[in-house]
file work-v9.tsv (TSV, C-alpha atoms)
chain	number	residue	atom	x	y	z
A	251	MET	CA	0.00	0.00	0.00
A	252	LYS	CA	1.28	3.54	-0.83
A	253	HIS	CA	1.35	6.24	1.79
A	254	SER	CA	2.16	9.47	0.00
A	255	GLY	CA	3.32	12.42	2.11
A	256	SER	CA	2.80	10.59	5.39
A	257	CYS	CA	4.61	8.23	7.75
A	258	VAL	CA	3.82	5.80	10.48
A	259	ILE	CA	4.76	7.02	13.98
A	260	VAL	CA	4.61	4.82	17.05
A	261	VAL	CA	5.35	5.96	20.58
A	262	VAL	CA	6.86	3.18	22.67
A	263	ALA	CA	7.90	3.78	26.35
A	264	GLY	CA	8.52	7.48	25.81
A	265	ILE	CA	10.59	6.96	22.61
A	266	VAL	CA	9.35	8.15	19.26
A	267	VAL	CA	9.94	5.46	16.60
A	268	GLY	CA	9.42	6.16	12.93
A	269	MET	CA	11.01	6.19	9.50
A	270	GLY	CA	13.76	3.84	10.77
A	271	SER	CA	15.04	6.26	13.44
A	272	THR	CA	14.46	7.00	17.14
A	273	VAL	CA	14.40	10.38	18.97
A	274	PRO	CA	13.60	11.19	22.61
A	275	ALA	CA	10.03	12.19	23.28
A	276	MET	CA	9.45	15.66	24.73
A	277	ALA	CA	8.20	15.22	28.28
A	278	GLU	CA	6.76	18.10	30.24
A	279	GLU	CA	7.85	18.50	33.91
A	280	THR	CA	4.96	17.94	36.24
A	281	PRO	CA	4.13	20.47	38.98
A	282	SER	CA	5.19	17.97	41.65
A	283	GLY	CA	8.49	17.45	39.85
A	284	VAL	CA	9.17	21.19	39.90
A	285	VAL	CA	8.50	21.29	43.64
A	286	ILE	CA	10.83	18.31	44.29
A	287	ARG	CA	13.60	19.77	42.15
A	288	ARG	CA	13.44	23.11	43.94
A	289	ALA	CA	13.37	21.37	47.33
A	290	GLU	CA	16.48	19.37	46.39
A	291	ALA	CA	18.31	22.54	45.35
A	292	LYS	CA	17.34	24.25	48.59
A	293	TYR	CA	18.50	21.21	50.59
A	294	GLU	CA	21.89	21.14	48.84
A	295	ALA	CA	22.37	24.86	49.49
A	296	ALA	CA	21.50	24.40	53.17
A	297	LEU	CA	24.01	21.53	53.48
A	298	LYS	CA	26.79	23.60	51.96
A	299	ALA	CA	26.02	26.53	54.27
A	300	ALA	CA	25.96	24.23	57.32
A	301	GLU	CA	29.28	22.65	56.33
A	302	LYS	CA	30.84	26.10	55.94
A	303	ARG	CA	29.62	27.10	59.42
A	304	LEU	CA	30.94	23.82	60.85
A	305	HIS	CA	34.42	24.38	59.41
A	306	ALA	CA	34.43	27.94	60.78
A	307	ALA	CA	33.37	26.65	64.21
A	308	HIS	CA	36.15	24.02	64.18
A	309	GLU	CA	38.75	26.65	63.39
A	310	GLN	CA	37.41	28.92	66.12
A	311	PHE	CA	37.53	25.99	68.58
A	312	ARG	CA	41.15	25.23	67.66
A	313	GLN	CA	42.21	28.85	68.09
A	314	SER	CA	40.33	29.20	71.39
A	315	ALA	CA	41.85	25.96	72.72
A	316	ALA	CA	45.36	27.14	71.78
A	317	ALA	CA	44.80	30.49	73.52
A	318	ALA	CA	43.38	28.81	76.62
A	319	ARG	CA	46.36	26.45	76.79
A	320	LYS	CA	48.78	29.37	76.52
A	321	ARG	CA	47.06	31.09	79.45
A	322	PHE	CA	47.04	27.83	81.40
A	323	LEU	CA	50.80	27.31	80.96
A	324	ALA	CA	51.45	30.87	82.09
A	325	GLU	CA	49.34	30.37	85.23
A	326	VAL	CA	51.06	27.07	86.05
A	327	ALA	CA	54.48	28.67	85.64
A	328	ALA	CA	53.43	31.51	87.93
A	329	ALA	CA	52.15	29.03	90.53
A	330	ARG	CA	55.48	27.21	90.56
A	331	VAL	CA	57.36	30.46	91.02
A	332	LEU	CA	55.20	31.25	94.04
A	333	SER	CA	55.75	27.83	95.65
A	334	VAL	CA	59.50	27.57	95.10
A	335	PRO	CA	62.08	29.99	96.51
A	336	SER	CA	63.90	31.98	93.82
A	337	SER	CA	67.23	31.03	95.40
A	338	SER	CA	66.72	27.34	94.61
A	339	PRO	CA	69.10	26.22	91.83
A	340	PRO	CA	67.46	24.71	88.75
A	341	ALA	CA	67.86	21.03	88.06
A	342	SER	CA	70.66	20.41	85.58
A	343	PRO	CA	70.54	17.31	83.39
A	344	SER	CA	73.76	15.53	82.46
A	345	LYS	CA	73.43	16.65	78.82
A	346	PRO	CA	72.67	20.18	77.62
A	347	LYS	CA	69.07	20.68	76.58
A	348	GLY	CA	68.55	21.15	72.86
A	349	LYS	CA	71.79	19.50	71.69
A	350	PHE	CA	71.07	15.97	70.55
A	351	LYS	CA	73.26	13.79	68.38
A	352	ASN	CA	72.66	10.57	66.49
A	353	LEU	CA	69.01	10.20	67.51
A	354	PRO	CA	67.55	6.91	66.22
A	355	VAL	CA	64.41	8.48	64.72
A	356	THR	CA	63.42	11.47	62.65
A	357	VAL	CA	60.05	13.10	63.32
A	358	PRO	CA	59.42	15.74	60.61
A	359	GLY	CA	58.24	19.04	62.01
A	360	ASN	CA	58.75	18.06	65.67
A	361	SER	CA	61.51	19.22	68.01
A	362	PRO	CA	63.40	17.03	70.53
A	363	SER	CA	63.77	18.02	74.16
A	364	LEU	CA	64.47	16.30	77.47
A	365	LEU	CA	61.37	14.91	79.15
A	366	THR	CA	61.28	16.40	82.63
A	367	GLU	CA	58.40	16.54	85.05
A	368	GLY	CA	57.20	20.10	85.40
A	369	GLY	CA	59.11	21.31	82.34
A	370	ASP	CA	57.72	23.39	79.50
A	371	SER	CA	55.55	20.49	78.36
A	372	VAL	CA	53.87	20.25	81.80
A	373	TRP	CA	54.21	16.47	81.98
A	374	THR	CA	53.44	14.89	85.35
A	375	GLU	CA	53.61	11.44	86.92
A	376	ILE	CA	56.28	10.25	84.50
A	377	PRO	CA	57.04	6.51	84.95
A	378	ALA	CA	60.57	5.28	85.61
A	379	ILE	CA	60.99	3.89	82.08
A	380	ALA	CA	60.67	7.40	80.66
A	381	ARG	CA	63.27	9.01	82.91
A	382	GLY	CA	66.07	10.50	80.91
A	383	ALA	CA	64.04	10.23	77.69
A	384	VAL	CA	63.94	12.57	74.73
A	385	ILE	CA	60.45	13.58	73.63
A	386	PHE	CA	59.52	15.03	70.23
A	387	THR	CA	57.02	17.88	70.48
A	388	PRO	CA	55.05	19.43	67.59
A	389	PRO	CA	55.18	23.21	66.95
A	390	GLY	CA	53.16	25.05	69.56
A	391	ASP	CA	52.55	21.67	71.22
A	392	ALA	CA	49.48	21.20	69.00
A	393	ARG	CA	48.80	19.79	65.53
A	394	LYS	CA	45.71	20.24	63.43
A	395	ASP	CA	45.84	16.92	61.58
A	396	GLY	CA	46.45	14.67	64.60
A	397	VAL	CA	49.03	12.49	62.80
A	398	VAL	CA	52.61	11.77	63.83
A	399	LYS	CA	55.03	10.38	61.23
A	400	PHE	CA	58.49	9.09	62.04
A	401	THR	CA	61.26	7.02	60.47
A	402	VAL	CA	63.70	4.76	62.33
A	403	LYS	CA	67.32	5.48	61.37
A	404	HIS	CA	68.87	2.59	63.29
A	405	ASP	CA	67.71	-0.23	65.58
A	406	ALA	CA	66.48	1.20	68.89
A	407	LEU	CA	63.84	1.06	71.60
A	408	ILE	CA	61.25	3.71	70.77
A	409	GLY	CA	58.52	5.06	73.03
A	410	LEU	CA	55.08	6.40	72.14
A	411	ALA	CA	52.74	8.41	74.39
A	412	ALA	CA	49.20	8.25	73.00
A	413	SER	CA	45.88	9.63	74.20
A	414	TRP	CA	42.34	8.79	73.17
A	415	ALA	CA	40.74	11.71	75.02
A	416	TYR	CA	37.96	13.54	73.18
A	417	ASP	CA	39.46	16.00	70.73
A	418	GLY	CA	36.63	16.73	68.30
A	419	ASN	CA	33.68	15.02	66.64
A	420	SER	CA	33.79	12.39	63.88
A	421	SER	CA	33.50	14.80	60.93
A	422	GLY	CA	36.26	14.72	58.35
A	423	GLY	CA	36.71	10.95	58.16
A	424	TRP	CA	39.66	10.89	60.58
A	425	GLN	CA	38.30	7.95	62.57
A	426	SER	CA	38.92	5.56	59.68
A	427	GLU	CA	42.68	5.82	60.31
A	428	ARG	CA	42.62	6.05	64.09
A	429	LYS	CA	44.66	3.37	65.84
A	430	THR	CA	43.09	1.78	68.90
A	431	LYS	CA	45.13	0.57	71.85
A	432	GLN	CA	44.50	-3.03	70.74
A	433	GLN	CA	45.77	-2.25	67.23
A	434	LEU	CA	48.96	-0.69	68.58
A	435	VAL	CA	49.57	-3.78	70.71
A	436	ALA	CA	48.96	-5.97	67.66
A	437	ASP	CA	51.59	-3.89	65.82
A	438	GLY	CA	54.18	-4.74	68.47
A	439	TRP	CA	53.81	-1.82	70.86
A	440	ILE	CA	53.94	-2.83	74.55
A	441	GLU	CA	52.03	-0.83	77.15
A	442	VAL	CA	54.44	0.19	79.92
A	443	GLY	CA	52.66	2.88	81.93
A	444	THR	CA	50.83	6.22	81.89
A	445	MET	CA	51.72	9.86	82.29
A	446	TYR	CA	49.79	13.11	82.12
A	447	HIS	CA	50.05	16.12	79.87
A	448	ALA	CA	48.67	19.47	81.09
A	449	LEU	CA	47.56	17.92	84.40
A	450	SER	CA	44.57	15.94	83.13
A	451	ASP	CA	45.32	14.68	79.61
A	452	ARG	CA	46.11	11.02	80.32
A	453	HIS	CA	48.55	9.38	77.89
A	454	THR	CA	49.27	5.67	77.69
A	455	LEU	CA	52.98	5.00	77.31
A	456	PHE	CA	54.14	2.27	74.90
A	457	SER	CA	57.55	0.95	73.88
A	458	ARG	CA	58.69	-1.06	70.86
A	459	GLN	CA	62.00	-2.45	69.65
A	460	CYS	CA	62.12	-0.89	66.19
A	461	LYS	CA	64.28	-1.78	63.20
A	462	LYS	CA	66.25	0.47	60.88
A	463	GLY	CA	64.14	1.66	57.95
A	464	GLU	CA	60.73	1.23	59.61
A	465	VAL	CA	58.31	4.06	58.85
A	466	PHE	CA	55.31	4.83	61.06
A	467	ARG	CA	52.19	6.92	60.61
A	468	ILE	CA	50.07	6.92	63.79
A	469	ARG	CA	46.89	8.71	64.77
A	470	THR	CA	44.79	8.24	67.91
A	471	ARG	CA	42.52	11.31	67.93
A	472	LYS	CA	41.32	14.19	65.79
A	473	TYR	CA	43.70	17.08	66.38
A	474	ARG	CA	46.44	16.26	68.89
A	475	GLU	CA	49.01	13.72	67.79
A	476	PRO	CA	50.87	11.09	69.85
A	477	TYR	CA	54.35	11.91	71.16
A	478	VAL	CA	57.45	9.95	70.11
A	479	LEU	CA	60.07	9.26	72.78
A	480	ILE	CA	63.58	7.86	72.97
A	481	PRO	CA	63.86	6.19	76.40
A	482	GLY	CA	67.20	6.15	78.19
A	483	TYR	CA	68.84	8.98	76.26
A	484	LEU	CA	70.48	10.15	79.48
A	485	LYS	CA	72.84	7.54	80.89
A	486	ASN	CA	71.96	8.60	84.43
A	487	THR	CA	68.32	7.61	84.64
A	488	ARG	CA	67.84	8.55	88.28
A	489	PRO	CA	65.10	11.15	88.85
A	490	LEU	CA	66.33	14.65	88.13
A	491	LYS	CA	67.12	16.68	91.22
A	492	GLN	CA	63.95	18.38	92.38
A	493	LYS	CA	63.84	22.02	93.34
A	494	LYS	CA	63.82	22.67	97.05
A	495	VAL	CA	60.46	23.57	98.51
A	496	ASP	CA	60.08	26.13	101.26
A	497	LEU	CA	59.91	24.22	104.55
A	498	LYS	CA	56.90	26.30	105.52
A	499	VAL	CA	54.84	24.97	102.61
A	500	VAL	CA	52.46	22.25	103.80
A	501	VAL	CA	51.13	21.05	100.45
A	502	GLU	CA	51.63	21.76	96.78
A	503	VAL	CA	48.65	21.38	94.44
A	504	LEU	CA	49.99	21.62	90.91
A	505	GLY	CA	48.61	24.53	88.90
A	506	SER	CA	46.12	25.61	91.56
A	507	LYS	CA	45.01	29.04	92.71
A	508	VAL	CA	45.67	29.56	96.43
A	509	GLN	CA	43.31	31.71	98.51
A	510	PRO	CA	42.28	32.15	102.14
A	511	VAL	CA	39.34	29.89	102.91
A	512	GLY	CA	37.11	32.91	103.52
A	513	ALA	CA	37.44	33.94	99.87
A	514	VAL	CA	35.84	30.67	98.77
A	515	VAL	CA	33.53	29.49	101.54
A	516	ALA	CA	30.82	31.90	102.70
A	517	PRO	CA	30.72	32.65	106.47
A	518	ARG	CA	27.35	30.94	106.93
A	519	GLN	CA	28.76	27.81	105.26
A	520	MET	CA	32.07	27.82	107.12
A	521	ARG	CA	32.89	24.71	109.13
A	522	ALA	CA	35.05	24.92	112.24
A	523	GLU	CA	37.54	22.43	110.75
A	524	LEU	CA	38.25	24.69	107.79
A	525	GLU	CA	38.74	27.98	109.62
A	526	GLY	CA	42.19	29.45	109.10
A	527	THR	CA	43.11	27.14	106.23
A	528	LEU	CA	44.23	27.93	102.70
A	529	VAL	CA	42.13	26.55	99.85
A	530	TYR	CA	43.79	25.22	96.69
A	531	ASP	CA	41.54	25.49	93.62
A	532	SER	CA	42.66	23.66	90.46
A	533	GLY	CA	39.71	25.11	88.53
A	534	VAL	CA	38.36	23.34	85.47
A	535	SER	CA	41.33	21.00	85.03
A	536	GLY	CA	39.16	18.33	86.68
A	537	VAL	CA	42.01	17.00	88.78
A	538	ALA	CA	43.86	18.04	91.92
A	539	ILE	CA	47.45	16.75	92.02
A	540	VAL	CA	48.50	16.98	95.66
A	541	ARG	CA	52.00	16.65	97.06
A	542	VAL	CA	52.40	16.82	100.84
A	543	HIS	CA	55.58	18.48	102.10
A	544	ARG	CA	54.83	18.52	105.83
A	545	LYS	CA	52.84	16.28	108.13
A	546	ALA	CA	49.40	17.83	108.47
A	547	ARG	CA	45.65	17.26	108.50
A	548	ILE	CA	44.33	17.86	105.00
A	549	TYR	CA	40.72	18.34	103.91
A	550	VAL	CA	39.25	17.73	100.45
A	551	ALA	CA	35.83	18.88	99.19
A	552	ALA	CA	34.65	16.81	96.22
A	553	SER	CA	31.46	17.00	94.17
A	554	TRP	CA	29.87	14.46	91.87
A	555	ALA	CA	27.39	16.94	90.37
A	556	TYR	CA	27.11	16.59	86.58
A	557	ASP	CA	29.40	18.94	84.69
A	558	GLY	CA	30.09	17.06	81.43
A	559	ASN	CA	29.42	13.83	79.57
A	560	ASN	CA	31.55	10.68	79.57
A	561	SER	CA	33.55	11.54	76.43
A	562	GLY	CA	37.30	11.30	76.83
A	563	GLN	CA	39.15	9.25	79.41
A	564	TRP	CA	38.32	11.10	82.59
A	565	THR	CA	35.90	8.45	83.92
A	566	GLN	CA	38.78	5.96	84.10
A	567	GLU	CA	40.40	7.96	86.90
A	568	ARG	CA	37.28	9.23	88.64
A	569	TRP	CA	37.22	8.50	92.37
A	570	THR	CA	34.02	7.40	94.06
A	571	LYS	CA	33.30	7.94	97.75
A	572	GLU	CA	34.46	4.36	98.28
A	573	ASP	CA	37.77	5.16	96.57
A	574	PHE	CA	38.34	8.04	98.99
A	575	LYS	CA	37.64	5.70	101.88
A	576	ASN	CA	40.00	3.03	100.53
A	577	HIS	CA	42.81	5.62	100.32
A	578	GLY	CA	42.40	6.66	103.94
A	579	TRP	CA	40.07	9.65	103.54
A	580	LYS	CA	37.22	9.89	106.06
A	581	GLU	CA	33.90	11.50	105.12
A	582	ILE	CA	32.89	14.05	107.77
A	583	GLY	CA	29.98	15.95	106.23
A	584	THR	CA	29.28	18.50	103.52
A	585	VAL	CA	30.20	22.06	102.62
A	586	ARG	CA	28.58	24.34	100.06
A	587	ILE	CA	30.92	26.25	97.73
A	588	PRO	CA	29.81	29.01	95.33
A	589	HIS	CA	29.92	27.98	91.67
A	590	ARG	CA	28.66	30.06	88.72
A	591	GLY	CA	26.23	32.08	90.74
A	592	HIS	CA	24.91	29.35	93.03
A	593	GLU	CA	26.20	27.25	95.89
A	594	GLN	CA	27.12	23.67	95.06
A	595	GLN	CA	27.25	20.96	97.69
A	596	HIS	CA	30.55	19.11	98.16
A	597	ILE	CA	31.34	16.09	100.30
A	598	LEU	CA	34.08	16.91	102.81
A	599	PHE	CA	36.83	14.38	103.53
A	600	VAL	CA	39.76	14.51	105.96
A	601	ARG	CA	43.05	12.64	106.21
A	602	ASP	CA	46.13	12.92	108.40
A	603	CYS	CA	48.85	13.06	105.75
A	604	ASN	CA	52.58	12.50	106.02
A	605	LYS	CA	55.46	14.16	104.25
A	606	GLY	CA	55.88	12.61	100.82
A	607	ASP	CA	52.23	11.58	100.35
A	608	ARG	CA	50.96	12.16	96.83
A	609	PHE	CA	47.40	12.06	95.54
A	610	ARG	CA	45.69	12.49	92.20
A	611	LEU	CA	42.10	13.41	93.05
A	612	ARG	CA	39.22	13.54	90.58
A	613	SER	CA	35.46	13.21	91.01
A	614	ARG	CA	34.03	14.77	87.84
A	615	LYS	CA	34.96	15.97	84.36
A	616	TYR	CA	35.85	19.65	84.82
A	617	GLY	CA	35.41	20.84	88.40
A	618	ALA	CA	38.43	19.69	90.42
A	619	PRO	CA	38.14	18.88	94.14
A	620	PHE	CA	39.09	21.68	96.53
A	621	VAL	CA	42.03	21.04	98.87
A	622	PHE	CA	42.21	22.72	102.30
A	623	ALA	CA	45.49	22.81	104.21
A	624	PRO	CA	46.88	24.72	107.20
A	625	ARG	CA	48.42	28.09	106.47
A	626	THR	CA	52.18	28.36	106.18
A	627	GLU	CA	53.81	29.45	109.41

call {"tool": "encode", "arguments": {"input": "work-v9.tsv", "output": "structure tokens"}}
result
Amino acid sequence: MKHSGSCVIVVVAGIVVGMGSTVPAMAEETPSGVVIRRAEAKYEAALKAAEKRLHAAHEQFRQSAAAARKRFLAEVAAARVLSVPSSSPPASPSKPKGKFKNLPVTVPGNSPSLLTEGGDSVWTEIPAIARGAVIFTPPGDARKDGVVKFTVKHDALIGLAASWAYDGNSSGGWQSERKTKQQLVADGWIEVGTMYHALSDRHTLFSRQCKKGEVFRIRTRKYREPYVLIPGYLKNTRPLKQKKVDLKVVVEVLGSKVQPVGAVVAPRQMRAELEGTLVYDSGVSGVAIVRVHRKARIYVAASWAYDGNNSGQWTQERWTKEDFKNHGWKEIGTVRIPHRGHEQQHILFVRDCNKGDRFRLRSRKYGAPFVFAPRTE
């Protein structure tokens, strides 16, 4: 049959078929489709704006944390100056600080220094294995990417101080490369102790017999990287000579603010036992590190009121009332101490302490226990 000036057109599944060729059919966008498309565009724009705000907030947090740490170090240094006579000679290690030769590792971007308790790094409770060690510290003692990289130049025992304390949320994908304690052990690292950075940042100390040519890339949290150590750098591994403490000083509470008890406890809340004492306030460090220099009766006021969630490692060292009792502290009542515009109840403990006693006291995340001791004579 002839079909002059015409053709057969069939529409199949949205495709126009005819004259031996196929072309897409013109489909009109439905009203609901327009609404969905606009909603998707609005959603994408909102996500981009939120991500931009999040990045800005992270940067602000990092800068604020760095500034707060700088102030903290200055306050700790000032506290030490107040508690130690200026005539006391500084401890002198057997090798000059800053001059290191033939170190077995290279840590790009980090600087070596002697690890000393109460030095510029504010390390405390250093275990014996780390005495006389060299520690590599990142610029400004903080790193944004949280990763430490190091290469072993010759066979040696290498140390690693790692923390898993909360350092930022999971954004950025950093958790995919985070090493757990179990993974470090599986890689040959042996746990040998703990030590603390900036009073409350608990680090687990590892050691490993490393071979020449080994290269490591280790991350345990978001921003702050682990520290690499070289144990036994100093041949004399005895504890460095401590500065002399004024014989009149009863206790030393590292990094605390010292005030007369009347400046902290209101007259109507004052207990007879506390009258005439000095109160040592470690602030928001969460921990009171107490060193007793003279035999005396010491009081501690601790609170378990909520002041932060369980993130970080602080719950591992939190003392309960039973822990106080097991360490010789006797509960004798309560005392209310002003805090952010209201009075907060604290449990009061007492202990007859001897020269040389040391305590690390913690009951909650930020608010450290208050320590009350007799005035200096």

call {"tool": "closest_residue", "arguments": {"input": "work-v9.tsv", "among": "A:Ile548, A:Val542, A:Leu353, A:Val402", "to": "Gly463 (chain A)", "atoms": "only C-alpha atoms"}}
result
A:Val402

call {"tool": "closest_residue", "arguments": {"input": "work-v9.tsv", "among": "A:Ala555, A:Leu524, A:Ala406, A:Val285", "to": "Val355 (chain A)", "atoms": "all atoms listed in the file"}}
result
A:Ala406

call {"tool": "closest_residue", "arguments": {"input": "work-v9.tsv", "among": "A:Val503, A:Ala618, A:Val534, A:Val397", "to": "Arg469 (chain A)", "atoms": "all atoms listed in the file"}}
result
A:Val397

call {"tool": "atom_distance", "arguments": {"input": "work-v9.tsv", "atom1": "CA of Cys460 (chain A)", "atom2": "CA of Gly438 (chain A)"}}
result
9.1 Å

call {"tool": "closest_residue", "arguments": {"input": "work-v9.tsv", "among": "A:Arg568, A:Tyr473, A:Val442, A:Thr387", "to": "Leu365 (chain A)", "atoms": "all atoms listed in the file"}}
result
A:Thr387
